[in-house]
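With mmCIF, C-alpha atoms and all ligand atoms inside, this is entry_3.cif:
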```
data_structure
loop_
_atom_site.label_atom_id
_atom_site.label_comp_id
_atom_site.auth_asym_id
_atom_site.auth_seq_id
_atom_site.Cartn_x
_atom_site.Cartn_y
_atom_site.Cartn_z
CA MET A 199 140.63 221.05 47.90
CA VAL A 200 141.34 220.84 44.16
CA PRO A 201 144.92 221.90 43.32
CA GLU A 202 143.69 224.77 41.07
CA THR A 203 141.63 226.17 43.96
CA GLU A 204 144.51 225.90 46.39
CA ALA A 205 146.90 227.63 43.98
CA LEU A 206 144.41 230.41 43.32
CA LEU A 207 143.70 231.07 47.00
CA THR A 208 147.40 231.10 47.89
CA TRP A 209 147.92 233.67 45.14
CA TYR A 210 144.92 235.70 46.35
CA ASP A 211 146.21 235.81 49.92
CA ARG A 212 149.36 237.44 48.59
CA HIS A 213 148.02 239.63 45.79
CA LYS A 214 144.43 240.52 46.59
CA ARG A 215 143.45 244.07 45.76
CA ARG A 216 142.54 246.20 48.78
CA LEU A 217 139.14 247.58 47.86
CA PRO A 218 136.74 249.52 50.10
CA TRP A 219 133.89 247.05 49.60
CA ARG A 220 135.98 244.09 50.75
CA ASP A 221 136.17 242.71 54.30
CA ILE A 222 133.11 244.65 55.49
CA ASN A 223 130.62 241.78 55.85
CA ASP A 224 127.53 243.75 54.85
CA PRO A 225 125.29 242.16 52.18
CA TYR A 226 123.96 245.60 51.23
CA ALA A 227 127.48 246.94 50.56
CA THR A 228 128.31 243.81 48.55
CA TRP A 229 125.15 244.29 46.52
CA VAL A 230 125.89 247.96 45.78
CA SER A 231 129.52 247.29 44.87
CA GLU A 232 128.74 244.33 42.61
CA VAL A 233 126.05 246.26 40.75
CA MET A 234 128.42 249.19 40.28
CA LEU A 235 131.23 246.92 39.08
CA GLN A 236 129.13 245.50 36.25
CA GLN A 237 130.27 247.23 33.03
CA THR A 238 132.41 249.66 35.03
CA ARG A 239 136.13 249.80 35.79
CA VAL A 240 137.30 249.28 39.38
CA GLU A 241 139.10 252.67 39.33
CA THR A 242 135.78 254.41 38.62
CA VAL A 243 133.90 252.45 41.28
CA LEU A 244 136.58 253.43 43.80
CA VAL A 245 135.32 257.01 43.42
CA TYR A 246 131.58 256.32 43.27
CA PHE A 247 131.18 253.58 45.88
CA PRO A 248 132.20 255.57 49.01
CA ARG A 249 130.12 258.53 47.83
CA PHE A 250 127.07 256.36 47.22
CA MET A 251 127.43 254.63 50.59
CA ALA A 252 127.78 257.99 52.34
CA ALA A 253 124.57 259.19 50.66
CA PHE A 254 122.66 255.91 51.28
CA PRO A 255 124.45 254.14 54.15
CA THR A 256 121.75 251.49 54.66
CA LEU A 257 119.33 249.55 52.52
CA LYS A 258 116.49 251.47 54.19
CA ALA A 259 118.07 254.82 53.27
CA LEU A 260 118.31 253.73 49.64
CA ALA A 261 114.78 252.31 49.59
CA GLU A 262 113.34 255.55 50.95
CA ALA A 263 115.34 257.88 48.69
CA PRO A 264 113.66 259.50 45.69
CA GLU A 265 114.74 258.10 42.31
CA ASP A 266 116.16 261.48 41.29
CA ALA A 267 118.55 261.50 44.27
CA VAL A 268 119.78 257.99 43.43
CA LEU A 269 120.31 258.88 39.76
CA LYS A 270 122.25 261.99 40.82
CA GLN A 271 124.68 259.79 42.78
CA TRP A 272 124.96 257.52 39.73
CA GLU A 273 125.50 260.41 37.30
CA GLY A 274 128.33 259.57 34.89
CA LEU A 275 128.45 255.82 35.71
CA GLY A 276 126.21 254.84 32.80
CA TYR A 277 123.81 251.90 32.47
CA TYR A 278 121.34 253.81 34.66
CA SER A 279 118.81 250.99 34.82
CA ARG A 280 121.25 249.46 37.33
CA ALA A 281 120.62 252.38 39.71
CA ARG A 282 116.86 252.34 39.21
CA ASN A 283 116.70 248.58 39.76
CA LEU A 284 118.99 248.74 42.79
CA ARG A 285 116.62 251.23 44.42
CA LEU A 286 113.53 249.19 43.44
CA GLY A 287 115.23 246.04 44.73
CA ALA A 288 115.96 247.75 48.05
CA ARG A 289 112.29 248.80 48.28
CA GLN A 290 111.26 245.20 47.62
CA VAL A 291 113.60 243.84 50.32
CA LEU A 292 112.26 246.41 52.77
CA ALA A 293 108.62 245.66 51.95
CA GLU A 294 108.79 241.87 51.61
CA HIS A 295 111.77 240.76 53.74
CA GLN A 296 111.81 243.25 56.65
CA GLY A 297 114.89 244.90 55.16
CA ARG A 298 117.02 241.72 55.33
CA ILE A 299 118.59 240.67 52.04
CA PRO A 300 117.53 237.01 51.60
CA SER A 301 120.17 234.28 51.76
CA ASP A 302 118.01 231.72 49.96
CA PRO A 303 119.27 231.64 46.33
CA LYS A 304 115.83 231.36 44.78
CA VAL A 305 114.32 234.14 46.89
CA LEU A 306 117.38 236.32 46.34
CA ARG A 307 117.08 235.95 42.56
CA SER A 308 113.46 237.09 42.77
CA ILE A 309 114.59 240.54 43.94
CA ARG A 310 114.46 243.25 41.30
CA GLY A 311 117.84 243.72 39.58
CA ILE A 312 119.46 240.62 41.10
CA GLY A 313 120.46 238.13 38.43
CA ASP A 314 122.61 235.02 38.67
CA TYR A 315 125.88 236.93 38.90
CA THR A 316 124.85 239.38 41.63
CA ALA A 317 123.10 236.61 43.58
CA GLY A 318 126.26 234.46 43.41
CA ALA A 319 128.41 237.37 44.59
CA ILE A 320 126.12 238.23 47.54
CA LEU A 321 125.66 234.58 48.58
CA SER A 322 129.35 233.75 48.49
CA ILE A 323 130.91 237.02 49.68
CA ALA A 324 128.36 238.17 52.27
CA TYR A 325 126.82 234.85 53.39
CA GLY A 326 129.73 232.43 52.84
CA LEU A 327 127.66 230.07 50.66
CA PRO A 328 129.21 228.08 47.79
CA ALA A 329 127.59 229.87 44.82
CA ALA A 330 129.28 230.69 41.51
CA ALA A 331 129.44 234.33 40.39
CA VAL A 332 130.14 234.24 36.66
CA ASP A 333 130.88 237.53 34.93
CA GLY A 334 132.97 238.36 31.85
CA ASN A 335 136.25 238.04 33.76
CA VAL A 336 135.33 234.62 35.11
CA ILE A 337 134.13 233.41 31.69
CA ARG A 338 137.51 234.38 30.25
CA VAL A 339 139.57 232.66 32.96
CA ILE A 340 137.51 229.45 32.96
CA SER A 341 137.34 229.25 29.14
CA ARG A 342 141.10 229.39 29.01
CA LEU A 343 141.75 227.21 32.05
CA ARG A 344 139.40 224.45 30.91
CA GLY A 345 139.78 224.97 27.15
CA ILE A 346 136.18 225.90 26.32
CA ARG A 347 136.32 226.58 22.59
CA GLU A 348 132.66 227.26 21.97
CA ASN A 349 130.62 230.44 21.76
CA THR A 350 130.33 231.56 25.40
CA ALA A 351 127.16 233.57 24.68
CA VAL A 352 125.23 230.29 24.25
CA PRO A 353 123.25 229.53 27.45
CA SER A 354 124.32 225.88 27.62
CA VAL A 355 128.00 226.90 27.38
CA ARG A 356 127.44 229.49 30.13
CA ARG A 357 125.85 226.82 32.31
CA ARG A 358 128.83 224.55 31.74
CA ILE A 359 131.19 227.34 32.79
CA SER A 360 129.09 227.94 35.90
CA ASP A 361 129.25 224.18 36.72
CA LEU A 362 133.02 224.25 36.25
CA VAL A 363 133.30 227.16 38.69
CA GLU A 364 131.07 225.38 41.21
CA ALA A 365 133.31 222.31 41.04
CA LEU A 366 136.24 224.51 42.08
CA ILE A 367 134.56 226.47 44.91
CA PRO A 368 135.89 225.48 48.34
CA ARG A 369 133.30 225.08 51.13
CA ASP A 370 135.30 227.16 53.59
CA ARG A 371 136.17 230.22 51.44
CA PRO A 372 133.61 230.64 48.65
CA GLY A 373 133.66 234.47 48.74
CA ASP A 374 137.45 234.64 48.63
CA PHE A 375 137.48 232.13 45.80
CA ASN A 376 135.05 234.14 43.65
CA GLN A 377 136.92 237.36 44.34
CA ALA A 378 140.21 235.64 43.54
CA LEU A 379 138.84 234.57 40.15
CA MET A 380 137.65 238.13 39.51
CA ASP A 381 141.04 239.57 40.50
CA LEU A 382 142.89 237.06 38.35
CA GLY A 383 140.73 237.96 35.36
CA ALA A 384 141.21 241.67 35.97
CA THR A 385 144.96 241.69 36.58
CA VAL A 386 146.60 238.55 35.09
CA CYS A 387 144.28 236.63 32.78
CA THR A 388 143.34 239.83 30.97
CA PRO A 389 141.62 240.24 27.57
CA GLY A 390 144.00 240.03 24.64
CA THR A 391 147.39 238.79 25.80
CA PRO A 392 147.28 237.37 29.35
CA SER A 393 150.31 237.44 31.69
CA CYS A 394 150.63 233.65 31.93
CA GLU A 395 154.19 233.85 33.29
CA ARG A 396 152.84 235.13 36.64
CA CYS A 397 149.62 233.11 36.74
CA PRO A 398 149.08 230.69 39.64
CA LEU A 399 147.02 228.44 37.32
CA ARG A 400 149.59 228.07 34.54
CA GLU A 401 150.41 224.43 35.34
CA HIS A 402 146.72 223.54 34.95
CA CYS A 403 145.82 225.77 32.01
CA ASP A 404 144.52 224.13 28.83
CA ALA A 405 144.80 227.26 26.67
CA LEU A 406 148.37 227.96 27.75
CA ALA A 407 149.36 224.40 26.79
CA ALA A 408 147.50 224.68 23.48
CA GLY A 409 148.87 228.17 22.77
CA ASP A 410 145.49 229.75 22.00
CA ALA A 411 144.80 231.78 25.17
CA GLU A 412 144.63 235.01 23.14
CA ASP A 413 141.76 233.59 21.06
CA LEU A 414 139.60 232.70 24.07
CA PRO A 415 136.87 233.13 25.09
CA LEU A 416 135.00 232.73 21.82
CA LEU A 417 132.38 235.45 21.53
CA PRO A 418 129.77 236.10 18.87
CA ASP A 419 130.55 238.90 16.40
CA ARG A 420 129.07 242.11 17.70
CA LYS A 421 127.14 244.35 15.36
CA PRO A 422 128.76 247.78 15.13
CA PRO A 423 126.78 250.41 17.09
CA ARG A 424 124.15 252.32 15.12
CA GLU A 425 124.97 255.98 14.43
CA ILE A 426 122.22 258.49 15.17
CA SER A 427 122.45 262.20 14.38
CA TRP A 428 120.89 264.71 16.75
CA ASP A 429 120.55 268.47 16.78
CA VAL A 430 120.73 269.39 20.46
CA LEU A 431 119.25 272.72 21.48
CA LEU A 432 120.42 274.95 24.31
CA ILE A 433 117.36 277.18 24.57
CA ARG A 434 117.58 280.08 26.99
CA ARG A 435 114.78 282.11 28.42
CA GLY A 436 116.32 284.88 30.51
CA PRO A 437 118.54 283.21 33.15
CA ARG A 438 117.03 279.75 32.57
CA ILE A 439 117.60 276.90 30.16
CA LEU A 440 115.20 274.30 28.82
CA VAL A 441 115.54 270.67 29.93
CA ARG A 442 113.48 267.51 29.90
CA GLN A 443 113.46 264.37 32.04
CA ARG A 444 113.57 261.34 29.77
CA THR A 445 110.74 258.83 29.84
CA GLU A 446 112.20 256.61 27.11
CA ALA A 447 113.62 253.24 28.20
CA MET A 448 117.15 254.36 27.38
CA LEU A 449 118.44 256.84 30.03
CA ARG A 450 115.01 256.99 31.67
CA GLY A 451 114.82 259.46 34.53
CA LEU A 452 117.90 261.39 33.39
CA TRP A 453 117.79 264.98 32.15
CA VAL A 454 118.66 266.14 28.66
CA TYR A 455 118.31 269.21 26.47
CA PRO A 456 115.81 269.21 23.58
CA MET A 457 117.09 266.87 20.87
CA ALA A 458 115.75 266.74 17.31
CA GLU A 459 116.73 263.57 15.49
CA GLY A 460 118.41 263.97 12.10
CA ARG A 461 120.46 266.70 10.48
CA HIS A 462 118.63 269.99 10.02
CA THR A 463 119.38 273.24 8.30
CA GLU A 464 118.87 276.35 10.38
CA LYS A 465 115.53 276.86 8.67
CA THR A 466 114.19 273.34 9.22
CA LEU A 467 115.48 273.30 12.79
CA TYR A 468 113.26 276.26 13.75
CA ALA A 469 110.25 274.20 12.66
CA ALA A 470 111.55 270.96 14.24
CA ALA A 471 112.15 272.75 17.55
CA ARG A 472 108.64 274.13 17.48
CA ARG A 473 107.18 270.66 16.86
CA LEU A 474 109.31 269.23 19.66
CA THR A 475 108.90 271.88 22.35
CA GLY A 476 106.02 274.10 21.19
CA LEU A 477 108.33 277.12 21.46
CA THR A 478 109.14 279.80 18.92
CA LEU A 479 112.89 280.29 18.84
CA ALA A 480 115.08 283.20 17.83
CA GLN A 481 118.80 283.64 17.21
CA LEU A 482 119.39 280.00 16.45
CA ARG A 483 123.07 279.31 15.77
CA PRO A 484 125.40 276.31 15.77
CA VAL A 485 127.90 276.14 18.66
CA THR A 486 129.91 272.94 18.34
CA GLU A 487 129.73 269.19 17.72
CA ALA A 488 130.09 266.24 20.09
CA ARG A 489 130.01 262.47 19.91
CA HIS A 490 129.06 259.90 22.51
CA VAL A 491 129.49 256.14 22.18
CA PHE A 492 127.04 253.82 23.96
CA THR A 493 127.19 250.03 23.66
CA HIS A 494 124.63 249.87 20.84
CA GLN A 495 124.46 253.46 19.60
CA VAL A 496 126.71 256.35 18.72
CA TRP A 497 125.19 259.80 19.11
CA LEU A 498 126.56 262.35 16.65
CA MET A 499 125.42 265.64 18.13
CA ARG A 500 125.43 269.12 16.69
CA ILE A 501 124.80 271.62 19.45
CA TRP A 502 122.90 274.84 18.85
CA SER A 503 122.03 277.79 21.02
CA ALA A 504 118.83 279.79 20.78
CA VAL A 505 116.58 282.05 22.81
CA THR A 506 112.85 282.20 23.30
CA GLU A 507 110.35 284.41 25.03
CA ASP A 508 107.72 281.68 25.26
CA ALA A 509 106.97 279.83 28.47
CA VAL A 510 106.35 276.09 28.79
CA PRO A 511 103.23 274.72 30.48
CA ASP A 512 103.58 273.79 34.17
CA GLY A 513 103.59 270.06 34.82
CA GLY A 514 104.52 269.24 31.21
CA VAL A 515 107.65 267.40 30.09
CA TRP A 516 109.69 270.59 29.59
CA ARG A 517 111.16 272.74 32.36
CA PHE A 518 113.17 275.95 32.34
CA VAL A 519 115.78 275.69 35.10
CA THR A 520 118.37 278.01 36.61
CA LYS A 521 122.05 277.11 36.74
CA GLU A 522 121.69 276.00 40.39
CA GLU A 523 118.65 273.83 39.63
CA GLN A 524 120.44 272.33 36.65
CA ALA A 525 123.41 271.37 38.85
CA SER A 526 121.14 269.31 41.11
CA LEU A 527 119.73 267.23 38.21
CA ALA A 528 121.31 264.02 36.90
CA PHE A 529 122.47 264.26 33.28
CA PRO A 530 123.94 261.33 31.32
CA THR A 531 127.59 261.58 30.24
CA ALA A 532 126.33 262.01 26.66
CA MET A 533 125.27 265.53 27.72
CA ARG A 534 128.73 266.47 29.01
CA VAL A 535 129.57 268.89 26.18
CA PRO A 536 126.13 270.58 26.08
CA ASN A 537 126.30 270.79 29.89
CA THR A 538 129.60 272.65 29.89
CA LEU A 539 128.21 275.11 27.33
CA SER A 540 124.70 275.52 28.69
CA PHE A 541 125.44 278.54 30.89
CA ASP A 542 128.66 279.63 29.17
CA PRO A 543 128.42 283.41 28.75
CA ASP A 544 130.25 283.18 25.38
CA VAL A 545 127.43 281.01 24.05
CA ARG A 546 124.74 283.47 25.11
CA SER A 547 122.89 284.76 22.13
CA ILE A 548 121.49 287.83 23.87
FE1 LIG B 1 144.89 232.79 31.90
FE2 LIG B 1 147.40 232.30 31.18
FE3 LIG B 1 146.56 231.80 33.65
FE4 LIG B 1 145.74 230.31 31.62
S1 LIG B 1 147.84 230.49 32.37
S2 LIG B 1 144.49 231.09 33.27
S3 LIG B 1 145.58 231.83 30.01
S4 LIG B 1 146.72 233.80 32.66
#
```

Kindly return the structure encoded in the file as structure tokens.
Ligand code: SF4
Amino acid sequence: MVPETEALLTWYDRHKRRLPWRDINDPYATWVSEVMLQQTRVETVLVYFPRFMAAFPTLKALAEAPEDAVLKQWEGLGYYSRARNLRLGARQVLAEHQGRIPSDPKVLRSIRGIGDYTAGAILSIAYGLPAAAVDGNVIRVISRLRGIRENTAVPSVRRRISDLVEALIPRDRPGDFNQALMDLGATVCTPGTPSCERCPLREHCDALAAGDAEDLPLLPDRKPPREISWDVLLIRRGPRILVRQRTEAMLRGLWVYPMAEGRHTEKTLYAAARRLTGLTLAQLRPVTEARHVFTHQVWLMRIWSAVTEDAVPDGGVWRFVTKEEQASLAFPTAMRVPNTLSFDPDVRSI
């Protein structure tokens, strides 16, 4: 065993985080947890994972669940295509592999939503196979450990990092090794200033010796997110409020209130709302403002309330829902402020 690997595993045996998706030897649970952990903090997943597994305890239960029910369990986690793909992947495994998650790397990567990282995690953690699982944490640790001073977004540099991980993976504990790297990246070799004084790899670390750990990994400059203004409408009709299930690629399947892009005056918003929903509104008035930051966009929302007496056609994109119906739908976090106001009696216009 290479000395770096030995040092890391000894550290892991002493410091590993106790997490509900560890030590359960179930490829389905590993799959769910690894998908949830992408782009999401462990503390958040600690809340969502047990709830999700209680709702869909087996791959079959997930495959047979309606998309709406899966999105509801994912509500607030963000990056909702992960949930849609997880469900579609489960359906594919059920239809094409008798419900058994494949252990052949190539076949596994052909499943919807399973990329190199998730495949590596499932293969090593659930099946004990020596596959690398390279995420942002691992890229950071390996760049520093091996002194990779090139743009890590470049595919050839990524491949090199993956090869370097593979050279370190021990045959007998590949899952523990990958999880140890993840834990080290999350708790010791952190972004910004790492805690090198308590790192098991410090004797082997190129960046520590060179004094540039804080500058690694090298990443391309990110464009600042684009700001988009929206006028969001809370339109009541008696005890119901108007909502729409999104069909756009972003947040597809989630529910939102009517949103008119741009900044309107009260007068132009009446017309914009009519174009958008087909409804004639009354008592339109501004309520508050809210802001939501996505990775590539910032939504600057002005929230309005209004009433209407018009109905919407059955089977169309718009639906008037009661408070109870609204609570059963999955809304993105961007709708948190409108959601809290939607049935607020102080916001009622009539
Ligand atoms: Fe990261 Fe420091 Fe450990 Fe190097 S010594 S791997 S920079 S924590």

Name all residues at most 7 Å from range 283-294 of chain A (count all atoms listed in the file; drop same-chain ones fewer than 6 positions away) and give them as number ranges by chain.
A: 257-258, 260-261, 309-311

At most 7 Å is the cut-off: for each residue in chain A with any atom that close to an atom of ligand LIG 1 (chain B), write down the nearest atom pair and the distance in Å rounded to one decimal, counting all atoms listed in the file, chain first then increasing number, as a tab-separated table.
```
residue	atom	partner	partner_atom	distance
A:Val339	CA	B:LIG1	S2	5.2
A:Arg342	CA	B:LIG1	S3	5.2
A:Leu343	CA	B:LIG1	S2	4.9
A:Val386	CA	B:LIG1	S4	5.3
A:Cys387	CA	B:LIG1	S4	3.7
A:Pro392	CA	B:LIG1	S4	4.9
A:Ser393	CA	B:LIG1	S4	5.2
A:Cys394	CA	B:LIG1	FE2	3.6
A:Cys397	CA	B:LIG1	FE3	4.5
A:Pro398	CA	B:LIG1	FE3	6.6
A:Leu399	CA	B:LIG1	FE3	5.0
A:Arg400	CA	B:LIG1	S1	3.7
A:Cys403	CA	B:LIG1	FE4	4.6
A:Asp404	CA	B:LIG1	FE4	6.9
A:Ala405	CA	B:LIG1	S3	5.7
A:Leu406	CA	B:LIG1	FE4	5.2
A:Ala411	CA	B:LIG1	S3	4.9
```

Grab the residues selected above and save them as an mmCIF file, in the frame of the given file with C-alpha atoms.
```
data_model
loop_
_atom_site.group_PDB
_atom_site.id
_atom_site.type_symbol
_atom_site.label_atom_id
_atom_site.label_comp_id
_atom_site.auth_asym_id
_atom_site.auth_seq_id
_atom_site.Cartn_x
_atom_site.Cartn_y
_atom_site.Cartn_z
ATOM 1 C CA VAL A 339 139.570 232.660 32.960
ATOM 2 C CA ARG A 342 141.100 229.390 29.010
ATOM 3 C CA LEU A 343 141.750 227.210 32.050
ATOM 4 C CA VAL A 386 146.600 238.550 35.090
ATOM 5 C CA CYS A 387 144.280 236.630 32.780
ATOM 6 C CA PRO A 392 147.280 237.370 29.350
ATOM 7 C CA SER A 393 150.310 237.440 31.690
ATOM 8 C CA CYS A 394 150.630 233.650 31.930
ATOM 9 C CA CYS A 397 149.620 233.110 36.740
ATOM 10 C CA PRO A 398 149.080 230.690 39.640
ATOM 11 C CA LEU A 399 147.020 228.440 37.320
ATOM 12 C CA ARG A 400 149.590 228.070 34.540
ATOM 13 C CA CYS A 403 145.820 225.770 32.010
ATOM 14 C CA ASP A 404 144.520 224.130 28.830
ATOM 15 C CA ALA A 405 144.800 227.260 26.670
ATOM 16 C CA LEU A 406 148.370 227.960 27.750
ATOM 17 C CA ALA A 411 144.800 231.780 25.170
#
```

Can you tell me, as a ChimeraX atom specification, what residues are no more than 9 Å from Met251 in chain A when counting all atoms listed in the file, ignoring any on the same chain fewer than 5 positions away?
/A:227,230,246,256

Could you tell me how far CA of Pro201 in chain A sits from CA of Leu417 in chain A, in Å to one decimal place?
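One can read the CA of Leu417 in chain A to CA of Pro201 in chain A distance as 28.6 Å.
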
Take CA of Arg424 in chain A and CA of Glu241 in chain A and report the distance between them in Å, one decimal.
28.5 Å

Fewer than 3 positions away in the same chain doesn't count, so skip those; otherwise give me all residues within 9 Å of Leu275 in chain A, counting all atoms listed in the file, as a list of chain:residue names.
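Near Leu275 in chain A, the qualifying residues are A:Met234, A:Thr238, A:Thr242, A:Val243, A:Tyr246, A:Gln271, A:Trp272, A:Tyr278, A:Pro530, A:Thr531.
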
The distance between CA of Arg434 in chain A and CA of Glu507 in chain A is 8.7 Å

Of the residues A:Ile346, A:Ile433, A:Val355, A:Val336, which is the one nearest to Pro536 in chain A, using all atoms listed in the file?
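Comparing A:Ile346, A:Ile433, A:Val355, A:Val336 against Pro536 in chain A, the winner is A:Ile433.
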
Check which residues of range 286-361 of chain A sit at most 9 Å from range 369-372 of chain A using all atoms listed in the file, and return one row each with the closest pair of atoms and their distance in Å to one decimal, ordered by chain and rising number, as a tab-separated table.
```
residue	atom	partner	partner_atom	distance
A:Leu321	CA	A:Pro372	CA	8.9
A:Ser322	CA	A:Pro372	CA	5.3
A:Ile323	CA	A:Pro372	CA	7.0
A:Gly326	CA	A:Pro372	CA	6.0
A:Leu327	CA	A:Pro372	CA	6.3
A:Pro328	CA	A:Pro372	CA	5.2
A:Ala329	CA	A:Pro372	CA	7.2
A:Ala330	CA	A:Pro372	CA	8.4
```

A:Thr316, A:Ser301, A:Gln524, A:Ser503: which is nearest Thr228 in chain A, counting only C-alpha atoms?
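Residue with the minimum atom-to-atom distance to Thr228 in chain A: A:Thr316.
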
I'd like to know which of A:Glu202, A:Thr208, A:Tyr468, A:Thr350 is closest to Asp419 in chain A, using all atoms listed in the file.
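With all atoms listed in the file as the atom set, the closest residue is A:Thr350.
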
A:Leu379, A:Trp502, A:Val200, A:Ala532: which is nearest Gln481 in chain A, counting only C-alpha atoms?
A:Trp502

Around range 449-457 of chain A, with edges along x, y and z and 3 Å added on all six sides, what centre and edge lengths do you get, in Å to one decimal, as JSON?
```
{"center_x": 116.7, "center_y": 263.0, "center_z": 27.7, "size_x": 9.8, "size_y": 18.4, "size_z": 19.7}
```
